[in-house]
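A short write-up of the structure that comes next.
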Amino acid sequence: MSYRNDNRVALENDEPRLEIREKVTGSAKYTTDYYLPNMLWACYIRCDFGDARLRSADVESARSIHDVLEVELEKKSARYHGDRIGYICAESRQALEQAIAALKMKFAASWPRTMLEEERTALEDLEPAENDVQAENVIDTCDLVVQGEFQTQVQTHCCLEPHSCVVHFRGDSAVAYGSTQSNVAFRDDLARELGLRPDQVEFHCEHVGGGFGSKFGMDNEGRLAAQISKKYQRPCRVVCNRKEEMLDTGNRPGSLQHMRIGLTRDGKIRGGKIATWGSVGPTGGGGGVSNPSRYDFGTIAKVHQDVHIDGGFPRAMRAPGHPQAMFAIELMMDQMAVEVNMDPLEFRQLNETSELRKEMLRVGAEQIGWSERQPNGLSPGPIKRGFGIGVADWGNRPGTAAIGVNVYRNGTVEVLSGAQDIGTGYRTMIGDVVRTYMGLPRNALVVKVGSSDLPPGPASGGSVTSRFTAPKAFLAAEKARNRILELVAKEWKLNDASGLNLEDGRIIGQDQSIQWKDACQLMTGDRIAILSDEDGAFGKDPTGSEAVQFAEVAVDVETGIIHVKKIVALQNVGLPVNRNTIENQICGAVIQGLSFCLFEERVLNNQTGTMVNANMDMYKIAGPVDVPEIVPIIWREQREVAVNSLGEPPVVPVPGAIATAVANAIGVQVRSMPLTPRKILTALSEKEAKS
Amino acid sequence: MNQTNRPMDGISRRRFLQGAGGGAVAGSAFVGLTPTANSNETSAPATRSGITRYPAEGLKIELQVNGTTSSVHISPDTTLLVALRESLGLTGTKEVCDRGACGACTVLVDGRSVNSCMMLAIDALGHEIVSIEGLGASGQLDPVQEAFIEHDACQCGYCIPGFAVRSRALLDETPHLTREQVKQGLCGNICRCAAYVRILDAVTAAATREQS
């Protein structure tokens with residue numbers, strides 16, 4: 001572990017996240033925890049099939065149920081399981097459930113489109129890319145050509161806190177609670193729906209029970225809650241149940257990826273052709289696959305097709321398009337390495353685009369024990385051991401945000417941000433930046449985030465929240481500190497504050513010092529209020545959030561069960577702020593990636609389009625027993641760079657690292673996710689039949 | 001402390017199913033059961049041959065939650081989870097899967113962990129319920145909660161009350177827990193952010209501390 005000890009976080013914050021106590025005692029209030037007096041309940045009426053027409057529904061029976069106020073059917077034809085065809089409003093949750101049952105809906109279902117591989121345009125019929133001829137020419141001149149097709153499944157976000165909203169419309173104002181990754185967008189959407197100005201809507205989202213890319217804007221839940229609240233001038237609550245959450249709040253689209261790549265005999269990739277298909281909803285798009293990326297693939301002719309499926313629509317999901325792409329790319333890299341008879345690590349070093357990642361690959365190999373890796377399939381015994389590699393990076397750019405810092409006369413430092421903490425530790429990061437930069441202990445710090453009254457923050461998508469806000473927080477901290485230092489300088493009758501330092505809660509001059517709290521008493525007003533919406537000198541160069549992961553797996557070739565034993569996850573985070581939240585985030589991403597690679601899959605009934613596992617007992621998510629040993633390595637102390645993106649990059653390399661490790665173990669690639677025991681056994685028996 | 005290591009006395013999946021199907025509960029569970037104020041005499045629970053029928057419009061029952069007795073109005077189909085959250089305002093207990101697959105709604109019933117979404121409120125009569133809000137003794141945090149804090153054992157935090165309550169029960173069930181046993185013991189709980197590493201660290205540390 002010497003490598004970790006060398007890389008102490010730049011700001012030396014090893015304390016747990018700020019809100020942990022509220023979360024561990026159950027006092028943290030999420031949107032779903034608001035039950036307002038005199039509140040109405042509403043929900044959508046949904047279609048049970050993929051492509052169906054409503055034949056009959058007993059609306060009168062549903063309306064006659066005690067406490068039901070409204071039952072409205074708004075359309076007859078539905079495009080996917082979970083599609084909204086109407087709504088119900090009632091005085092109680094029980095009445096809603098009874099009304100849904102009383103509807104006794106009957107549908108006429110058509111044959112739905114459910115399978116990506118059947119609905120796609122065939123490879124040879126795709127419109128060729130502009131540089132198709134060029135890429136063909138490159139392939140023609142190559143010593144070797146490697147070809148493969150890879151498949152990934154649909155993954156649902158399955159946020160534990162469902163999509164939800166509670167709205168209280170009060171005529172010329174409204175108070176609302178919504179579970180979201182974008183307070184500003186949610187508030188604006190609600191204001192529009194309610195016919196109010198944004199300033200008339202007080203919006204709260206202090207805690208979010210997970211988003212993963214599926215919670216931007218007010219969504220259908222907010223819209224219905226707003227409409228009902230406005231109509232009845234009463235609070236209204238709309239909360240998805242688990243089934244609705246699985247069906248109609250987004251997913252990571254499935255993919256098919258075909259690659260034909262040429263390379264030289266000495267292992268240099270020259271170029272080739274890549275076709276990808278993404279499974280999207282009955283209309284629209286969003287199925288893009290980020291293939292090629294990271295490695296230098298030379299001249300690539302790339303085509304992509306979004307393929308319509310009669311299932312729920314995709315939404316951005318934690319690094320949209322990336323983990324599925326790297327699954328295919330890493331397997332392809334390994335296959336090419338085999339063709340040129342090179343070690344996969346060496347082959348990657350040769351075709352790597354990033355100098356930083358080359359170094360990370362070297363260190364990661366040491367940490368996992370790469371030298372113990374056997375050639376593919378040559379691990380002895382029925383439990384085969386294998387090693388694999390995955391890589392990633394993430395685009396970083398500056399953006400707009402504002403951070404407020406208030407210093408009160410009693411010494412309390414209040415950090416304000418309207419951005420939301422979706423579980424990443426944003427609240428902690430912003431607070432630790434301010435108090436560490438100022439030189440204050442944590443008990444002087446109060447951080448308030450997630451409400452529309454606070455200075456506006458970005459939407460938490462694309463891993464930008466910390467990246468956008470941290471420079472503003474540094475600048476606000478500097479300004480606030482300087483204001484107090486100036487008061488002290490004046491008190492000590494110094495010409496200016498340039499000789500004063502603030503360390504460990506104490507302001508130190510040449511021959512005297514004063515406690516922070518006493519210094520704050522020097523102010524005449526209630527507080528010093530700073531608002532910072534610029535980066536100033538803190539707008540430093542971003543780095544690439546580079547990620548490299550190594551996986552060690554054990555595969556039982558008799559049962560097909562994969563046991564991920566260890567993952568070494570190296571992560572460049574730019575300037576690291578809080579060690580706990582960073583390591584926690586890396587480990588969580590690794591396990592979520594593992595879960596995607598091995599377990600999760602939306603299963604649609606091919607006859608009816610019904611999602612058969614729209615729940616948490618049949619939709620398998622990694623649990624405590626699936627957790628491998630994880631070694632998170634925060635890459636190198638970097639004081640002269642910006643705080644970088646962390647939410648998405650560490651989830652990207654995982655499927656590729658595990659899939660290549662499995663292939664190394666069993667001697668054959670499984671090119672379809674999730675890597676289930678059945679697929680492992682099938683691949684093994686096919687391999688045996690060939691030999 | 002409300003947690004005891006008593007054997008399961010009647011709270012089981014089978015009993016839940018009996019209760020839901022035929023409205024049958026053990027005779028000993030009648031303490032604290034009264035019909036609602038506005039219901040007439042025919043709405044009172046009727047008992048014959050050990051089978052109890054409850055009035056469909058609901059009734060008032062007294063639940064012992066976190067050391068105090070609270071009166072709540074419930075229907076025969078009200079789950080303990082809904083009674084806690086919506087009638088008693090104890091929103092720390094979370095509803096996630098609503099079918100016993102994720103553990104977010106875990107509470108203690110006579111010291112044993114139970115998925116409160118899978119238990120009817122009526123079946124909680126006569127039993128000691130402890131929710132996350134009552135986990136520690138008299139205003140103090142439970143050592144398990146302290147360990148969660150020390151290890152930053154959470155991300156979004158929505159699953160954490162369930163994990164903390166289940167961990168308390170696990171520590172009471174099994175002395176000398178290894179990390180592997182902690183994994184097995186928590187396998188009914190799901191964390192979507194996958195903060196498992198820190199959760200396992202915390203519970204293992206709490207177990208080590210309690211055994212020494």
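In the structure tokens, chains take letters A, B, ... by order of appearance, with residues numbered from 1 within each chain and ligands from 1 in the order shown.
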
Chain A near chain B within 8 Å: what's each residue's closest atom pair and its distance in Å to one decimal, counting only C-alpha atoms, ordered by chain then ascending residue number, as CSV?
residue,atom,partner,partner_atom,distance
A:Glu15,CA,B:Asp152,CA,7.9
A:Pro16,CA,B:Asp152,CA,4.7
A:Arg17,CA,B:Asp152,CA,6.2
A:Ile20,CA,B:Ile149,CA,6.0
A:Arg21,CA,B:Ile149,CA,6.4
A:Lys23,CA,B:Gly157,CA,5.5
A:Val24,CA,B:Pro161,CA,5.9
A:Thr25,CA,B:Glu133,CA,6.0
A:Gly26,CA,B:Gly92,CA,3.8
A:Ser27,CA,B:Gly92,CA,6.1
A:Ala28,CA,B:Gly92,CA,7.5
A:Lys29,CA,B:Thr91,CA,7.9
A:Asp33,CA,B:Thr91,CA,5.6
A:Tyr35,CA,B:Glu86,CA,7.4
A:Cys158,CA,B:Arg192,CA,7.4
A:Cys159,CA,B:Arg192,CA,6.6
A:Leu160,CA,B:Val96,CA,5.7
A:Glu161,CA,B:Tyr158,CA,6.6
A:Pro162,CA,B:Val96,CA,7.5
A:His207,CA,B:Cys156,CA,7.5
A:Val208,CA,B:Cys156,CA,6.3
A:Gly209,CA,B:Cys156,CA,5.1
A:Gly210,CA,B:Cys156,CA,5.7
A:Asn241,CA,B:Cys97,CA,7.8
A:Arg242,CA,B:Cys97,CA,5.4
A:Ile422,CA,B:Cys156,CA,6.0
A:Gly423,CA,B:Cys156,CA,3.6
A:Thr424,CA,B:Gln155,CA,6.2
A:Gly425,CA,B:Gln155,CA,7.1
A:Asn580,CA,B:Asp152,CA,6.5
A:Thr581,CA,B:Asp152,CA,7.6
A:Asn584,CA,B:Ala195,CA,6.3
A:Gln585,CA,B:Ala195,CA,7.7
A:Cys587,CA,B:Val197,CA,6.9
A:Gly588,CA,B:Ala194,CA,4.4
A:Ala589,CA,B:Ala194,CA,7.2
A:Ile591,CA,B:Ala194,CA,6.0
A:Gln592,CA,B:Ala194,CA,6.3
A:Asn615,CA,B:Cys97,CA,6.7
A:Met616,CA,B:Ala101,CA,5.8
A:Asp617,CA,B:Ala101,CA,5.2
A:Ile621,CA,B:Ile190,CA,7.5
A:Ala622,CA,B:Ile190,CA,7.5
A:Gly623,CA,B:Ile190,CA,5.6
A:Pro624,CA,B:Lys183,CA,5.2
A:Val625,CA,B:Lys183,CA,5.1
A:Val627,CA,B:Tyr196,CA,7.1
A:Ile630,CA,B:Val197,CA,8.0

Next item on the list: Write out as a PyMOL selection string the residues lying within 8 Å of Leu350 (chain A), counting only C-alpha atoms and excluding same-chain residues fewer than 4 positions away.
Entry: chain A and resi 267-268+346

Notebook entry, point to check: How would you write, as a ChimeraX atom specification, the set of residues in region 40-171 of chain B that DSSP gives as strand (DSSP E)?
Noted result: /B:46-48,51-53,59-65,68-74,106-109,112-115,128-130

If you keep C-alpha atoms, can you produce a file of those selected residues as a CSV table (one decimal), in the first residue's frame?
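Dumped everything to out_6.csv:
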chain,number,residue,atom,x,y,z
B,46,ALA,CA,-65.1,-10.8,15.5
B,47,THR,CA,-63.5,-14.0,16.7
B,48,ARG,CA,-64.6,-17.5,16.1
B,51,ILE,CA,-60.1,-16.8,13.4
B,52,THR,CA,-60.4,-13.0,13.7
B,53,ARG,CA,-62.1,-10.8,11.2
B,59,LEU,CA,-59.6,0.2,13.2
B,60,LYS,CA,-57.5,1.8,15.8
B,61,ILE,CA,-54.7,-0.2,17.3
B,62,GLU,CA,-52.0,0.6,19.8
B,63,LEU,CA,-48.4,-0.1,18.6
B,64,GLN,CA,-45.4,-0.2,20.8
B,65,VAL,CA,-42.8,1.6,18.8
B,68,THR,CA,-43.7,4.3,23.5
B,69,THR,CA,-47.2,3.2,22.9
B,70,SER,CA,-48.9,5.0,19.9
B,71,SER,CA,-52.4,4.8,18.7
B,72,VAL,CA,-52.7,4.4,14.9
B,73,HIS,CA,-55.7,3.9,12.6
B,74,ILE,CA,-55.1,1.1,10.2
B,106,THR,CA,-36.0,-3.2,8.0
B,107,VAL,CA,-37.2,-2.7,11.6
B,108,LEU,CA,-36.7,-4.8,14.7
B,109,VAL,CA,-39.7,-6.8,16.0
B,112,ARG,CA,-35.3,-9.6,15.3
B,113,SER,CA,-35.0,-7.9,12.0
B,114,VAL,CA,-38.1,-7.9,9.8
B,115,ASN,CA,-38.9,-6.4,6.4
B,128,GLU,CA,-41.9,-4.4,20.5
B,129,ILE,CA,-41.1,-2.5,17.3
B,130,VAL,CA,-37.8,-0.5,17.0

Margin query: Excluding Leu224 (chain A) and its own-chain neighbours fewer than 4 positions away, which residues fall within 10 Å of it when counting only C-alpha atoms? Please give them as a ChimeraX atom specification.
Written below: /A:42-44,87-89,165-167,193,218-220,228-230,236-238

Next item on the list: Kindly give the distance, in Å, that separates CA of Glu117 (chain A) and CA of Arg671 (chain A), rounded to a single decimal.
Entry: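 Distance between the two atoms: 14.0 Å.
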
Checklist line | Backbone-only DSSP, helix (DSSP H, G or I) members of region 34-118 of chain B, as a PyMOL selection string | finding: chain B and resi 41-43+80-87+116-118

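Across the structure, CA of Ser92 (chain A) and CA of Thr32 (chain A) are spaced 14.9 Å apart.
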
Next item on the list: Can you pull out every residue within 10 Å of region 108-114 of chain A, counting only C-alpha atoms, but drop anything in the same chain fewer than 4 positions away, and send it as a ChimeraX atom specification?
Entry: /A:48-56,77-80,118-119,279,281-282,307-311,603-611

Item checked: Contact residues around Asn664 (chain A) with only C-alpha atoms at 9 Å, ignoring same-chain residues under 3 positions, as a list of chain:residue names -> A:Asp334, A:Arg373, A:Gln374, A:Pro375, A:Asn376, A:Gly377, A:Leu378, A:Ser379, A:Lys384, A:Arg385, A:Gly386, A:Phe387, A:Gly388, A:Ala659, A:Thr660, A:Ala661, A:Gly667, A:Val668, A:Gln669

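Here CA of Thr676 (chain A) is placed at a distance of 27.1 Å from CA of Gly82 (chain A).
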
Notebook entry, point to check: So, counting only C-alpha atoms, which residue among A:Ser672, A:Asn495, A:Thr543, A:Gln420 is closest to Val154 (chain A)?
Noted result: A:Ser672

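If you count only C-alpha atoms and ignore residues fewer than 3 places along the chain from Arg197 (chain A), what sits within 10 Å of it is Asp172, Ser173, Arg187, Asp188, Leu190, Ala191, Arg192, Leu194, Gln200 and Val201 of chain A.
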
Checklist line | Test item: residues at most 8 Å from Pro382 (chain A), only C-alpha atoms, excluding those fewer than 4 positions along its chain, as a PyMOL selection string | finding: chain A and resi 556-558
